[in-house]
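> So here's input23.cif (mmCIF, C-alpha atoms).
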```
data_query
loop_
_atom_site.group_PDB
_atom_site.id
_atom_site.type_symbol
_atom_site.label_atom_id
_atom_site.label_comp_id
_atom_site.auth_asym_id
_atom_site.auth_seq_id
_atom_site.Cartn_x
_atom_site.Cartn_y
_atom_site.Cartn_z
ATOM 1 C CA VAL A 1 -36.232 60.221 -27.892
ATOM 2 C CA GLU A 2 -38.517 63.198 -28.403
ATOM 3 C CA SER A 3 -38.430 64.047 -24.703
ATOM 4 C CA ASP A 4 -34.663 64.598 -24.957
ATOM 5 C CA ARG A 5 -35.051 67.268 -27.635
ATOM 6 C CA PRO A 6 -35.030 70.270 -25.211
ATOM 7 C CA ILE A 7 -31.876 68.956 -23.519
ATOM 8 C CA VAL A 8 -30.126 68.400 -26.843
ATOM 9 C CA TYR A 9 -31.127 71.849 -28.108
ATOM 10 C CA SER A 10 -29.925 73.434 -24.880
ATOM 11 C CA ASN A 11 -26.557 71.660 -25.093
ATOM 12 C CA ILE A 12 -26.105 72.701 -28.741
ATOM 13 C CA ALA A 13 -26.940 76.284 -27.848
ATOM 14 C CA ASP A 14 -24.440 76.242 -24.950
ATOM 15 C CA LEU A 15 -21.749 74.784 -27.238
ATOM 16 C CA THR A 16 -22.403 77.411 -29.906
ATOM 17 C CA ARG A 17 -22.126 80.212 -27.333
ATOM 18 C CA ALA A 18 -18.939 78.691 -25.876
ATOM 19 C CA GLN A 19 -17.350 78.624 -29.351
ATOM 20 C CA GLY A 20 -18.068 82.312 -29.757
ATOM 21 C CA CYS A 21 -20.367 81.807 -32.710
ATOM 22 C CA VAL A 22 -22.985 83.958 -31.031
ATOM 23 C CA PRO A 23 -22.865 86.345 -28.064
ATOM 24 C CA GLU A 24 -23.160 84.723 -24.654
ATOM 25 C CA ASP A 25 -26.522 86.361 -24.086
ATOM 26 C CA ALA A 26 -27.932 85.175 -27.428
ATOM 27 C CA SER A 27 -31.241 83.342 -27.349
ATOM 28 C CA GLU A 28 -31.424 79.602 -27.836
ATOM 29 C CA GLU A 29 -33.130 80.148 -31.179
ATOM 30 C CA ASP A 30 -30.285 82.384 -32.427
ATOM 31 C CA ALA A 31 -27.680 79.907 -31.181
ATOM 32 C CA LEU A 32 -29.388 76.996 -32.931
ATOM 33 C CA GLN A 33 -29.646 79.017 -36.141
ATOM 34 C CA ALA A 34 -25.916 79.791 -35.985
ATOM 35 C CA PHE A 35 -25.179 76.107 -35.387
ATOM 36 C CA ASP A 36 -27.277 75.116 -38.412
ATOM 37 C CA GLU A 37 -25.459 77.603 -40.631
ATOM 38 C CA SER A 38 -22.080 76.419 -39.346
ATOM 39 C CA ALA A 39 -22.990 72.772 -39.973
ATOM 40 C CA ARG A 40 -24.185 73.499 -43.520
ATOM 41 C CA THR A 41 -20.988 75.426 -44.231
ATOM 42 C CA ASN A 42 -18.365 73.177 -42.665
ATOM 43 C CA LEU A 43 -19.668 69.598 -42.586
ATOM 44 C CA PRO A 44 -19.699 68.986 -46.367
ATOM 45 C CA PHE A 45 -16.048 69.994 -46.615
ATOM 46 C CA ALA A 46 -15.128 67.951 -43.547
ATOM 47 C CA PHE A 47 -16.747 64.843 -45.017
ATOM 48 C CA ALA A 48 -15.275 65.453 -48.459
ATOM 49 C CA SER A 49 -11.744 65.911 -47.145
ATOM 50 C CA SER A 50 -11.957 62.596 -45.288
ATOM 51 C CA MET A 51 -12.872 60.708 -48.455
ATOM 52 C CA THR A 52 -10.576 59.305 -51.102
ATOM 53 C CA ARG A 53 -10.460 60.598 -54.646
ATOM 54 C CA PHE A 54 -12.657 57.793 -55.999
ATOM 55 C CA THR A 55 -15.163 55.327 -54.586
ATOM 56 C CA PHE A 56 -12.884 52.441 -55.554
ATOM 57 C CA SER A 57 -9.336 52.756 -54.277
ATOM 58 C CA TYR A 58 -6.398 51.910 -56.498
ATOM 59 C CA THR A 59 -5.983 48.669 -54.554
ATOM 60 C CA ASP A 60 -9.626 47.769 -55.206
ATOM 61 C CA THR A 61 -9.176 48.146 -58.953
ATOM 62 C CA LEU A 62 -5.978 46.095 -58.842
ATOM 63 C CA LEU A 63 -7.832 43.257 -57.137
ATOM 64 C CA ILE A 64 -10.621 43.397 -59.716
ATOM 65 C CA GLY A 65 -8.102 43.320 -62.551
ATOM 66 C CA ALA A 66 -6.097 40.555 -60.909
ATOM 67 C CA PHE A 67 -9.118 38.289 -60.492
ATOM 68 C CA ALA A 68 -9.788 38.635 -64.213
ATOM 69 C CA LEU A 69 -6.248 38.447 -65.584
ATOM 70 C CA VAL A 70 -4.045 36.450 -63.203
ATOM 71 C CA PRO A 71 -5.574 33.159 -64.488
ATOM 72 C CA VAL A 72 -4.550 34.244 -67.997
ATOM 73 C CA CYS A 73 -0.993 34.804 -66.786
ATOM 74 C CA LEU A 74 -0.968 31.354 -65.190
ATOM 75 C CA ASP A 75 -2.088 29.835 -68.484
ATOM 76 C CA HIS A 76 0.807 31.509 -70.276
ATOM 77 C CA TRP A 77 3.193 30.396 -67.548
ATOM 78 C CA ALA A 78 2.012 26.811 -67.934
ATOM 79 C CA GLY A 79 2.754 27.145 -71.662
ATOM 80 C CA LEU A 80 6.467 27.433 -70.915
ATOM 81 C CA ALA A 81 6.526 23.715 -70.174
ATOM 82 C CA HIS A 82 5.046 23.046 -73.611
ATOM 83 C CA GLY A 83 7.548 24.961 -75.688
ATOM 84 C CA VAL A 84 6.246 28.545 -75.522
ATOM 85 C CA PRO A 85 9.278 30.851 -75.939
ATOM 86 C CA MET A 86 10.291 32.917 -72.923
ATOM 87 C CA ARG A 87 9.971 36.122 -74.982
ATOM 88 C CA VAL A 88 6.348 35.314 -75.782
ATOM 89 C CA PHE A 89 5.600 34.566 -72.143
ATOM 90 C CA ALA A 90 7.326 37.770 -70.976
ATOM 91 C CA ILE A 91 5.391 39.966 -73.418
ATOM 92 C CA ASP A 92 2.086 38.281 -72.582
ATOM 93 C CA ALA A 93 2.761 38.735 -68.875
ATOM 94 C CA LEU A 94 3.691 42.388 -69.449
ATOM 95 C CA ASN A 95 0.446 42.877 -71.342
ATOM 96 C CA ALA A 96 -1.565 41.383 -68.482
ATOM 97 C CA LEU A 97 0.247 43.563 -65.948
ATOM 98 C CA PHE A 98 -0.474 46.653 -68.040
ATOM 99 C CA ARG A 99 -4.160 45.789 -68.040
ATOM 100 C CA ILE A 100 -4.180 45.197 -64.275
ATOM 101 C CA LEU A 101 -2.064 48.209 -63.263
ATOM 102 C CA ALA A 102 -3.253 50.771 -65.807
ATOM 103 C CA ILE A 103 -6.218 49.934 -68.031
ATOM 104 C CA VAL A 104 -8.615 48.647 -65.369
ATOM 105 C CA PRO A 105 -7.912 51.498 -62.882
ATOM 106 C CA LEU A 106 -8.092 54.181 -65.583
ATOM 107 C CA THR A 107 -11.405 52.952 -66.938
ATOM 108 C CA PHE A 108 -12.886 52.774 -63.436
ATOM 109 C CA ALA A 109 -11.727 56.334 -62.758
ATOM 110 C CA LEU A 110 -13.173 57.646 -66.013
ATOM 111 C CA MET A 111 -16.453 55.811 -65.444
ATOM 112 C CA GLU A 112 -16.840 57.365 -62.001
ATOM 113 C CA CYS A 113 -15.955 60.850 -63.234
ATOM 114 C CA LEU A 114 -18.679 60.659 -65.887
ATOM 115 C CA GLY A 115 -21.212 58.935 -63.649
ATOM 116 C CA SER A 116 -20.862 61.485 -60.848
ATOM 117 C CA ARG A 117 -21.669 64.492 -63.019
ATOM 118 C CA CYS A 118 -25.429 64.400 -62.442
ATOM 119 C CA LEU A 119 -26.026 62.761 -59.074
ATOM 120 C CA HIS A 120 -29.086 64.959 -58.468
ATOM 121 C CA TRP A 121 -30.972 63.392 -61.395
ATOM 122 C CA ARG A 122 -33.613 60.769 -60.691
ATOM 123 C CA GLY A 123 -35.712 58.374 -62.721
ATOM 124 C CA PRO A 124 -35.000 57.719 -66.406
ATOM 125 C CA ARG A 125 -32.373 60.454 -66.581
ATOM 126 C CA GLU A 126 -30.440 58.775 -63.772
ATOM 127 C CA TRP A 127 -30.368 55.483 -65.688
ATOM 128 C CA LEU A 128 -29.329 57.352 -68.811
ATOM 129 C CA VAL A 129 -26.313 58.763 -66.975
ATOM 130 C CA VAL A 130 -25.414 55.300 -65.652
ATOM 131 C CA VAL A 131 -25.536 53.794 -69.144
ATOM 132 C CA PHE A 132 -23.630 56.776 -70.534
ATOM 133 C CA ALA A 133 -20.889 56.323 -67.905
ATOM 134 C CA LEU A 134 -20.662 52.583 -68.498
ATOM 135 C CA VAL A 135 -20.404 52.943 -72.273
ATOM 136 C CA LEU A 136 -18.286 56.081 -72.632
ATOM 137 C CA GLY A 137 -16.377 55.747 -69.378
ATOM 138 C CA PHE A 138 -15.716 52.027 -69.221
ATOM 139 C CA ALA A 139 -16.575 49.966 -72.285
ATOM 140 C CA ILE A 140 -15.267 52.179 -75.101
ATOM 141 C CA PRO A 141 -12.070 53.435 -73.374
ATOM 142 C CA GLY A 142 -11.365 49.916 -72.135
ATOM 143 C CA ALA A 143 -11.763 48.500 -75.636
ATOM 144 C CA VAL A 144 -9.569 51.223 -77.159
ATOM 145 C CA LEU A 145 -6.813 50.805 -74.575
ATOM 146 C CA ASN A 146 -6.904 47.027 -74.904
ATOM 147 C CA MET A 147 -6.727 47.315 -78.691
ATOM 148 C CA LEU A 148 -3.766 49.688 -78.435
ATOM 149 C CA SER A 149 -2.023 47.332 -76.033
ATOM 150 C CA ASP A 150 -2.651 44.343 -78.309
ATOM 151 C CA HIS A 151 -1.263 46.155 -81.364
ATOM 152 C CA LEU A 152 1.850 47.255 -79.505
ATOM 153 C CA MET A 153 2.259 43.727 -78.197
ATOM 154 C CA GLU A 154 2.191 42.345 -81.752
ATOM 155 C CA TYR A 155 4.979 44.725 -82.775
ATOM 156 C CA ALA A 156 6.912 43.876 -79.610
ATOM 157 C CA PHE A 157 7.146 40.283 -80.813
ATOM 158 C CA LEU A 158 8.970 41.489 -83.936
ATOM 159 C CA SER A 159 11.844 43.600 -82.628
ATOM 160 C CA ASP A 160 13.642 44.610 -79.464
ATOM 161 C CA ALA A 161 13.132 48.287 -80.316
ATOM 162 C CA MET A 162 9.345 47.879 -80.362
ATOM 163 C CA LEU A 163 9.566 45.843 -77.186
ATOM 164 C CA GLY A 164 11.296 48.816 -75.594
ATOM 165 C CA VAL A 165 8.528 51.128 -76.828
ATOM 166 C CA TYR A 166 5.934 48.742 -75.442
ATOM 167 C CA VAL A 167 7.626 48.686 -72.041
ATOM 168 C CA LEU A 168 7.825 52.499 -72.049
ATOM 169 C CA VAL A 169 4.113 52.842 -72.865
ATOM 170 C CA ASP A 170 3.275 50.379 -70.106
ATOM 171 C CA VAL A 171 5.355 52.286 -67.574
ATOM 172 C CA ILE A 172 3.781 55.621 -68.555
ATOM 173 C CA GLY A 173 0.292 54.135 -68.290
ATOM 174 C CA CYS A 174 0.994 52.639 -64.879
ATOM 175 C CA VAL A 175 2.504 55.858 -63.521
ATOM 176 C CA ALA A 176 -0.430 57.899 -64.853
ATOM 177 C CA SER A 177 -2.873 55.510 -63.208
ATOM 178 C CA VAL A 178 -1.113 55.733 -59.851
ATOM 179 C CA LEU A 179 -0.951 59.536 -60.009
ATOM 180 C CA ILE A 180 -4.645 59.816 -60.855
ATOM 181 C CA PHE A 181 -5.661 57.651 -57.902
ATOM 182 C CA LEU A 182 -3.091 58.729 -55.338
ATOM 183 C CA GLY A 183 -2.668 62.393 -56.265
ATOM 184 C CA PRO A 184 -4.216 65.304 -54.351
ATOM 185 C CA CYS A 185 -7.891 64.692 -53.687
ATOM 186 C CA ARG A 186 -10.199 66.606 -56.001
ATOM 187 C CA ARG A 187 -12.523 67.081 -53.037
ATOM 188 C CA ARG A 188 -9.815 68.438 -50.766
ATOM 189 C CA HIS A 189 -10.914 70.671 -47.953
ATOM 190 C CA SER A 190 -11.294 74.216 -49.224
ATOM 191 C CA SER A 191 -8.661 76.626 -47.958
ATOM 192 C CA SER A 192 -11.448 78.932 -46.865
ATOM 193 C CA HIS A 193 -12.755 76.208 -44.573
ATOM 194 C CA ASN A 194 -9.543 74.965 -43.010
ATOM 195 C CA GLU A 195 -10.825 75.853 -39.581
ATOM 196 C CA ALA A 196 -14.285 75.442 -38.240
ATOM 197 C CA ASP A 197 -16.006 78.801 -38.090
ATOM 198 C CA CYS A 198 -19.474 80.252 -37.581
ATOM 199 C CA ASN A 199 -20.389 82.566 -40.408
#
```
Would you mind writing the structure in this file as structure tokens?

Amino acid sequence: VESDRPIVYSNIADLTRAQGCVPEDASEEDALQAFDESARTNLPFAFASSMTRFTFSYTDTLLIGAFALVPVCLDHWAGLAHGVPMRVFAIDALNALFRILAIVPLTFALMECLGSRCLHWRGPREWLVVVFALVLGFAIPGAVLNMLSDHLMEYAFLSDAMLGVYVLVDVIGCVASVLIFLGPCRRRHSSSHNEADCN
């Protein structure tokens, strides 16, 4: 309510003086100016440090991948009753898990990294960045990783040694995906802003 503005301003000024941001005898205008500067300096870092590394959490990407690929796994599982060898089922299931645990999260992460480069753009340039992120951050890397996984899977059918390589690649991909999502936040609170101050 507009009529409450003087009361709010007075309370902010009193708070700013109590925090020692300005001298106790500072005018209300000086106190409000100090509060504005403090908010501009500290609030962005406070918000950023409370956020996760990416918009989608690792769990979110797992759910998206699971909705797409778990039915495929169930199809392969049903094939066991119709003579599909256990080795074939195991490799197919491993391939699906690799897509869920590594490929889908990694492509989402890359897409967001590219798409967040130019958030200040508007209009046609904004749509250009969105398309750029979808193509170079999601579609192409996803296709390449899926192709790599499919080729390794074909070799895994042929020998135990290649199956071991395939398992190793899957494990590395899954660990990398987890580290990227759950590692230290790229927007972590700056060390120079660990404590609220009034500069």
> Taking the file as shown, find all residues satisfying the PyMOL selection byres ((chain A and resi 102-104) around 9) and write them as a list in words.
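After applying the PyMOL selection byres ((chain A and resi 102-104) around 9), what remains is Thr61, Leu62, Ile64, Gly65, Leu97, Phe98, Arg99, Ile100, Leu101, Pro105, Leu106, Thr107, Phe108, Ala109, Phe138, Pro141, Gly142, Leu145, Asn146, Asp170, Val171, Ile172, Gly173, Cys174, Val175, Ala176, Ser177 and Val178 of chain A.
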> Report the distance between CA of Ala93 in chain A and CA of Phe56 in chain A in Å, rounded to one decimal place.
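CA of Phe56 in chain A lies 24.7 Å from CA of Ala93 in chain A.
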> Could you work out how far CA of Leu163 in chain A lies from CA of Met86 in chain A, giving the answer in Å with one decimal?
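We find that CA of Met86 in chain A and CA of Leu163 in chain A lie 13.6 Å from each other.
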> Determine the residue set returned by the PyMOL selection byres ((chain A and resi 91) around 10) for the present structure, and present it as a PyMOL selection string.
chain A and resi 86-90+92-97+153-154+156-157+163+166-167
> Generate the output file for the selected residues, C-alpha atoms, as a PDB file, in the frame of the given file.

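Once written, part.pdb looks like this:
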```pdb
ATOM      1  CA  MET A  86      10.291  32.917 -72.923  1.00  0.00           C
ATOM      2  CA  ARG A  87       9.971  36.122 -74.982  1.00  0.00           C
ATOM      3  CA  VAL A  88       6.348  35.314 -75.782  1.00  0.00           C
ATOM      4  CA  PHE A  89       5.600  34.566 -72.143  1.00  0.00           C
ATOM      5  CA  ALA A  90       7.326  37.770 -70.976  1.00  0.00           C
ATOM      6  CA  ASP A  92       2.086  38.281 -72.582  1.00  0.00           C
ATOM      7  CA  ALA A  93       2.761  38.735 -68.875  1.00  0.00           C
ATOM      8  CA  LEU A  94       3.691  42.388 -69.449  1.00  0.00           C
ATOM      9  CA  ASN A  95       0.446  42.877 -71.342  1.00  0.00           C
ATOM     10  CA  ALA A  96      -1.565  41.383 -68.482  1.00  0.00           C
ATOM     11  CA  LEU A  97       0.247  43.563 -65.948  1.00  0.00           C
ATOM     12  CA  MET A 153       2.259  43.727 -78.197  1.00  0.00           C
ATOM     13  CA  GLU A 154       2.191  42.345 -81.752  1.00  0.00           C
ATOM     14  CA  ALA A 156       6.912  43.876 -79.610  1.00  0.00           C
ATOM     15  CA  PHE A 157       7.146  40.283 -80.813  1.00  0.00           C
ATOM     16  CA  LEU A 163       9.566  45.843 -77.186  1.00  0.00           C
ATOM     17  CA  TYR A 166       5.934  48.742 -75.442  1.00  0.00           C
ATOM     18  CA  VAL A 167       7.626  48.686 -72.041  1.00  0.00           C
TER      19      VAL A 167
END
```
> Which residues fall under the PyMOL selection byres ((chain A and resi 14-23) around 9) in this file, as a ChimeraX atom specification?
/A:9-13,24-28,30-32,34-35,38,197-199
> Do you have the CA of Val129 in chain A-CA of Leu182 in chain A distance handy?
26.0 Å
> Kindly indicate which residue among A:Leu134, A:Cys73, A:Phe181, A:Asp160 lies nearest to Thr55 in chain A, using all atoms listed in the file for the distances.
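Smallest separation from Thr55 in chain A among the options: A:Phe181.
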> Save range 9-35 of chain A to disk from that block, N, CA, C and O atoms included, as a tab-separated table (two decimals), in the first residue's frame.

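For reference, result23.tsv as written:
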```tsv
chain	number	residue	atom	x	y	z
A	9	TYR	N	10.17	2.67	4.56
A	9	TYR	CA	11.44	3.36	4.37
A	9	TYR	C	12.11	3.64	5.71
A	9	TYR	O	13.33	3.49	5.86
A	10	SER	N	11.30	4.04	6.68
A	10	SER	CA	11.85	4.35	8.00
A	10	SER	C	12.42	3.09	8.66
A	10	SER	O	13.51	3.13	9.26
A	11	ASN	N	11.71	1.97	8.52
A	11	ASN	CA	12.20	0.72	9.11
A	11	ASN	C	13.48	0.25	8.43
A	11	ASN	O	14.40	-0.24	9.09
A	12	ILE	N	13.56	0.39	7.10
A	12	ILE	CA	14.78	0.01	6.38
A	12	ILE	C	15.94	0.87	6.82
A	12	ILE	O	17.06	0.39	7.04
A	13	ALA	N	15.68	2.17	6.96
A	13	ALA	CA	16.74	3.08	7.40
A	13	ALA	C	17.23	2.72	8.80
A	13	ALA	O	18.43	2.70	9.07
A	14	ASP	N	16.28	2.42	9.71
A	14	ASP	CA	16.66	2.02	11.08
A	14	ASP	C	17.49	0.74	11.06
A	14	ASP	O	18.48	0.60	11.79
A	15	LEU	N	17.08	-0.23	10.23
A	15	LEU	CA	17.82	-1.49	10.13
A	15	LEU	C	19.23	-1.26	9.60
A	15	LEU	O	20.19	-1.84	10.11
A	16	THR	N	19.35	-0.41	8.59
A	16	THR	CA	20.66	-0.13	8.00
A	16	THR	C	21.58	0.53	9.02
A	16	THR	O	22.77	0.21	9.10
A	17	ARG	N	21.03	1.47	9.81
A	17	ARG	CA	21.83	2.11	10.85
A	17	ARG	C	22.23	1.10	11.92
A	17	ARG	O	23.36	1.10	12.42
A	18	ALA	N	21.29	0.22	12.31
A	18	ALA	CA	21.57	-0.77	13.35
A	18	ALA	C	22.66	-1.75	12.92
A	18	ALA	O	23.43	-2.24	13.75
A	19	GLN	N	22.74	-2.04	11.62
A	19	GLN	CA	23.77	-2.95	11.11
A	19	GLN	C	25.13	-2.28	10.99
A	19	GLN	O	26.12	-2.93	10.72
A	20	GLY	N	25.16	-0.98	11.19
A	20	GLY	CA	26.43	-0.26	11.09
A	20	GLY	C	26.83	0.07	9.67
A	20	GLY	O	27.99	0.40	9.42
A	21	CYS	N	25.89	-0.02	8.76
A	21	CYS	CA	26.20	0.30	7.36
A	21	CYS	C	26.40	1.80	7.17
A	21	CYS	O	27.11	2.20	6.24
A	22	VAL	N	25.73	2.56	7.97
A	22	VAL	CA	25.87	4.02	7.95
A	22	VAL	C	25.95	4.50	9.40
A	22	VAL	O	25.54	3.79	10.32
A	23	PRO	N	26.47	5.69	9.62
A	23	PRO	CA	26.49	6.23	10.99
A	23	PRO	C	25.07	6.36	11.54
A	23	PRO	O	24.09	6.47	10.79
A	24	GLU	N	24.96	6.34	12.85
A	24	GLU	CA	23.64	6.40	13.48
A	24	GLU	C	22.91	7.70	13.19
A	24	GLU	O	21.69	7.75	13.23
A	25	ASP	N	23.68	8.76	12.93
A	25	ASP	CA	23.04	10.04	12.66
A	25	ASP	C	22.86	10.29	11.17
A	25	ASP	O	22.54	11.41	10.75
A	26	ALA	N	23.05	9.26	10.35
A	26	ALA	CA	22.89	9.42	8.90
A	26	ALA	C	21.43	9.69	8.56
A	26	ALA	O	20.51	9.24	9.24
A	27	SER	N	21.23	10.43	7.49
A	27	SER	CA	19.86	10.74	7.06
A	27	SER	C	19.19	9.49	6.50
A	27	SER	O	19.84	8.51	6.15
A	28	GLU	N	17.87	9.57	6.42
A	28	GLU	CA	17.12	8.43	5.87
A	28	GLU	C	17.51	8.17	4.42
A	28	GLU	O	17.64	7.02	4.00
A	29	GLU	N	17.76	9.24	3.68
A	29	GLU	CA	18.15	9.10	2.28
A	29	GLU	C	19.49	8.36	2.16
A	29	GLU	O	19.64	7.45	1.32
A	30	ASP	N	20.46	8.71	3.01
A	30	ASP	CA	21.77	8.03	2.97
A	30	ASP	C	21.63	6.57	3.39
A	30	ASP	O	22.28	5.69	2.82
A	31	ALA	N	20.78	6.31	4.38
A	31	ALA	CA	20.58	4.93	4.84
A	31	ALA	C	19.94	4.09	3.75
A	31	ALA	O	20.33	2.93	3.52
A	32	LEU	N	18.95	4.65	3.06
A	32	LEU	CA	18.29	3.91	1.99
A	32	LEU	C	19.24	3.65	0.83
A	32	LEU	O	19.22	2.58	0.21
A	33	GLN	N	20.10	4.64	0.54
A	33	GLN	CA	21.09	4.45	-0.53
A	33	GLN	C	22.07	3.34	-0.17
A	33	GLN	O	22.40	2.50	-1.01
A	34	ALA	N	22.50	3.29	1.09
A	34	ALA	CA	23.40	2.23	1.53
A	34	ALA	C	22.72	0.87	1.46
A	34	ALA	O	23.34	-0.14	1.09
A	35	PHE	N	21.43	0.83	1.81
A	35	PHE	CA	20.68	-0.42	1.73
A	35	PHE	C	20.58	-0.90	0.28
A	35	PHE	O	20.74	-2.08	-0.01
```
